[in-house]
Amino acid sequence: MTDVRAGQKPDCIIGVGSPFGEDQCGWYAAELIDKYVPGTQVVKCDRPSLGLVDHLKNDRYIVIIDALNDPHRKHGELVELAIDNLPKERLLSSHGFGVAEALQLARKLDLLPNDLILFGIVIDPEQVSISEPVLKACHSLCETVKQRLDRENH
Amino acid sequence: MTQRKIDINVPSLARVEGEGALKLQIRGNDITELQLQIYEPPRLFEKFLIGREPNEVVDAVARICGICPVAYQMSAVHAIERVFDIQPGPWVREMRRLYYCGEWIESHTLHMHMLAAPDFLGYNSGMDMAEDYPQQVKRGMRLHGLGNKIMELLGKRSVHPVGACVGGFYHAPAKSQAKEVLKQSYELEREARDLVLWAASLPLPDIRQDLPCVSVQHPEEYPMNEGRIVSNQGLDISIDDFEDHFEEFQVPYSTAFHCLLHGEPYIVGPLARVNLNYHQLPKAVVDVMEQTGISWPSNNMYHSIVARAIEIYYCVAEAIRILQDYTLPQSPQVPVTAQAGTGFGATEAPRGLLWHRYTFDEHGLVRHCRIVPPTSQNQAHIEKDLRETLHKLGLDQDQQTLRLQSEKVIRNYDPCISCSTHFLNLELDRD
């Protein structure tokens with residue numbers, strides 16, 4: 001996994017999710033990071049659709065954390081996603097306007113942050129609450145961020 | 001001479017909410033088969049609401065749709081309050097109008113910019129359009145953000161909001177929160193006005209047709225939550241009498257019901273509302289309507305996008321009106337005592353008239369309910385429109401042209417297929 005940006009606090013950490021089951025993990029991870037990186041803006045977005053674009057600005061360093069529903073990956077796996085490898089734009093209804101679509105729209109509007117890191121935590125959509133593997137992934141992400149910042153600031 | 005045979009199957013309609021398809025069969029100069037096929041699975045709300053308590057109904061119906069939850073909540077609370085003989089008072093009444101303003105702004109901006117405008121500007125998608133029209137799309141997103149903010153003010157969140165209840169709201173927004181939303185509304189008022197002129201400047205086809213329009217109408221205000229049901233063909237009825245005039249029925253190729261008024265198709269939605277109620281719009285909105293060059297009422301279904309823009313501008317102005325006099329109430333809700341009976345609610349969802357009926361027992365539990373969404377009501381006219389439009393276009397056009405034109409016609413109605421498939425008559429045969 002690529003390290004997060006050395007020595008620099010993110011301007012904003014966006015946890016994307018919903019109140020249901022493990023889809024809350026983006027919020028949980030964002031809250032954890034908030035404890036270790038005081039002063040960073042933490043935003044919890046509830047199924048933001050187009051609204052995610054409101055939080056993106058060119059000159060910001062932004063970290064987005066979201067649940068990832070991928071049956072080909074291991075439950076609880078932490079994945080750094082490249083924006084260029086997100087699903088290609090497809091004809092869709094606005095009900096299906098997710099993070100990938102919001103970021104693609106931001107790109108078209110030249111609103112994509114210069115520095116954007118996107119993390120996905122692989123969830124089990126059947127779980128009614130955050131399970132142990134996903135909790136572990138949230139803490140692992142938080143620890144990585146903390147260690148990297150601590151290392152560069154010494 | 002060999003007869004021209006065309007079969008067009010669009011297996012998945014793009015830029016509509018939910019899952020639908022179109023089947024079209026042309027033989028020579030006739031459309032021999034035309035089906036707007038809805039195959040989204042029915043979600044059976046009318047059945048699983050049975051046995052529920054009133055506020056469970058309010059929370060549950062918000063989940064019928066991710067784009068228009070407020071509409072479902074408002075039709076439900078008004079129907080339930082009729083059963084329980086509740087008068088929530090002026091603060092709740094105003095807040096419910098504000099709540100609806102948020103949803104109309106949010107839904108209309110999304111549809112205009114992501115679904116409809118690409119059709120008129122020659123793009124396959126809102127994404128492609130955004131690259132060439134970034135300022136217009138950004139303006140749309142700012143307005144969309146305002147709509148969400150208004151919904152969050154009262155509903156606590158914009159997706160499946162949880163703030164509304166029978167008798168009012170669970171909480172009253174703080175004055176500082178109301179002031180912030182008022183400030184944003186002022187900032188975007190001019191942009192909402194400009195949006196109307198932009199929508200009217202789009203290269204909209206000039207196709208006129210007979211448009212039987214139905215909406216709620218109120219004697220003193222642009223309709224949202226209260227009023228009678230009227231049409232431009234002389235209908236003027238109490239909402240209680242809906243079932244005496246409107247008939248729902250199932251067609252074999254759709255999981256969503258069709259609906260007819262006195263046996264004929266009709267339309268609901270922004271164009272119907274504006275056509276029937278533009279005299280209730282404030283002067284500033286009427287002034288910009290006059291600048292569009294469109295003669296209202298309009299019988300051009302392609303003016304629906306302009307009607308949406310008009311309503312967005314109206315809602316920004318209405319939000320300002322309500323919020324500039326905002327005060328905290330003694331209580332955001334009135335006491336509720338359940339009782340047996342049947343009540344009706346008819347409010348104007350972004351896509352049109354949304355009618356609910358609930359029957360409660362002496363324990364305050366639902367015994368029966370019926371929900372008629374706007375998209376169901378539009379389905380019959382969508383099919384009629386398709387027949388007429390394609391005939392006018394010329395059935396000798398190539399398949400691609402016929403298919404694209406068909407999709408544009410359907411998108412004019414902004415169908416919310418997810419809403420229209422919330423029910424199915426269930427016959428259960430047990431041993």
# chains A, B, ... in the order shown; residues from 1 in each chain; ligands from 1
$ select_by_dssp --residues "range 18-234 of chain B" --states "strand (DSSP E or B)" --output "ChimeraX atom specification"
/B:20-27,30-38,164-165,168-169,208,213-217,228-231
$ select_by_dssp --residues "range 111-282 of chain B" --states "helix (DSSP H, G or I)" --output "JSON, numbers by chain"
{"B": [111, 112, 113, 114, 115, 116, 117, 118, 119, 120, 121, 126, 127, 128, 129, 130, 131, 132, 134, 135, 136, 137, 138, 139, 140, 141, 142, 143, 144, 145, 146, 147, 148, 149, 150, 151, 152, 153, 154, 155, 175, 176, 177, 178, 179, 180, 181, 182, 183, 184, 185, 186, 187, 188, 189, 190, 191, 192, 193, 194, 195, 196, 197, 198, 199, 200, 201, 239, 240, 241, 242, 243, 244, 245, 270, 271, 272, 273, 274, 275, 276, 277, 278, 279, 280]}
$ atom_distance --atom1 "CA of Ala178 in chain B" --atom2 "CA of Pro161 in chain B"
17.5 Å
$ residues_around --residues "range 39-53 of chain A" --least-positions-apart "4" --cutoff "8 Å" --atoms "only C-alpha atoms" --output "JSON, numbers by chain"
{"A": [9, 10, 11, 12, 13, 14, 15, 16, 17, 18, 19, 26, 27, 30, 31, 34, 94, 97, 98, 99, 102, 103, 105, 106, 111], "B": [141, 144, 145, 157, 159]}
$ closest_residue --among "A:Ile83, A:Leu112, A:Ile117, A:Ile130" --to "His55 in chain A" --atoms "only C-alpha atoms"
A:Leu112
$ closest_residue --among "A:Lys35, A:Lys57, A:Lys108, A:Lys74" --to "chain B" --atoms "only C-alpha atoms"
A:Lys108
$ atom_distance --atom1 "CA of Thr342 in chain B" --atom2 "CA of Ile80 in chain B"
8.1 Å
$ atom_distance --atom1 "CA of Arg193 in chain B" --atom2 "CA of Gly155 in chain B"
26.3 Å
$ residues_around --residues "Gly21 in chain A" --least-positions-apart "5" --cutoff "12 Å" --atoms "only C-alpha atoms" --output "list in words"
Gly26, Trp27, Tyr28, Ala67, Ile123, Asp124, Pro125, Glu126, Gln127, Val128, Ser129, Ile130, Ser131 and Val134 of chain A
$ residues_around --residues "Val79 in chain A" --least-positions-apart "2" --cutoff "7 Å" --atoms "only C-alpha atoms" --output "PyMOL selection string"
chain A and resi 77+81+119-121
$ closest_residue --among "A:Asp54, A:Leu118, A:Asp66, A:Gly76" --to "chain B" --atoms "only C-alpha atoms"
A:Asp54
$ residues_around --residues "Ile305 in chain B" --least-positions-apart "4" --cutoff "8 Å" --atoms "only C-alpha atoms" --output "number ranges by chain"
B: 112, 116-117, 199, 309, 412
$ residues_around --residues "Pro282 in chain B" --least-positions-apart "6" --cutoff "12 Å" --atoms "only C-alpha atoms" --output "PDB file with C-alpha atoms, in the first residue's frame"
ATOM      1  CA  GLU B 220     -54.125  30.611  -1.198  1.00  0.00           C
ATOM      2  CA  GLU B 221     -50.770  29.089  -2.050  1.00  0.00           C
ATOM      3  CA  TYR B 222     -48.810  27.057  -4.567  1.00  0.00           C
ATOM      4  CA  VAL B 288     -39.102  35.434 -15.009  1.00  0.00           C
ATOM      5  CA  MET B 289     -41.662  33.031 -16.461  1.00  0.00           C
ATOM      6  CA  ILE B 310     -39.547  27.476 -12.093  1.00  0.00           C
ATOM      7  CA  GLU B 311     -40.332  25.371  -9.057  1.00  0.00           C
ATOM      8  CA  TYR B 313     -36.773  29.255  -8.036  1.00  0.00           C
ATOM      9  CA  TYR B 314     -40.123  29.288  -6.252  1.00  0.00           C
ATOM     10  CA  CYS B 315     -38.797  26.993  -3.516  1.00  0.00           C
ATOM     11  CA  VAL B 316     -35.721  29.133  -2.881  1.00  0.00           C
ATOM     12  CA  ALA B 317     -37.995  32.173  -2.545  1.00  0.00           C
ATOM     13  CA  GLU B 318     -40.417  30.249  -0.345  1.00  0.00           C
ATOM     14  CA  ARG B 321     -40.025  33.695   3.177  1.00  0.00           C
TER      15      ARG B 321
END
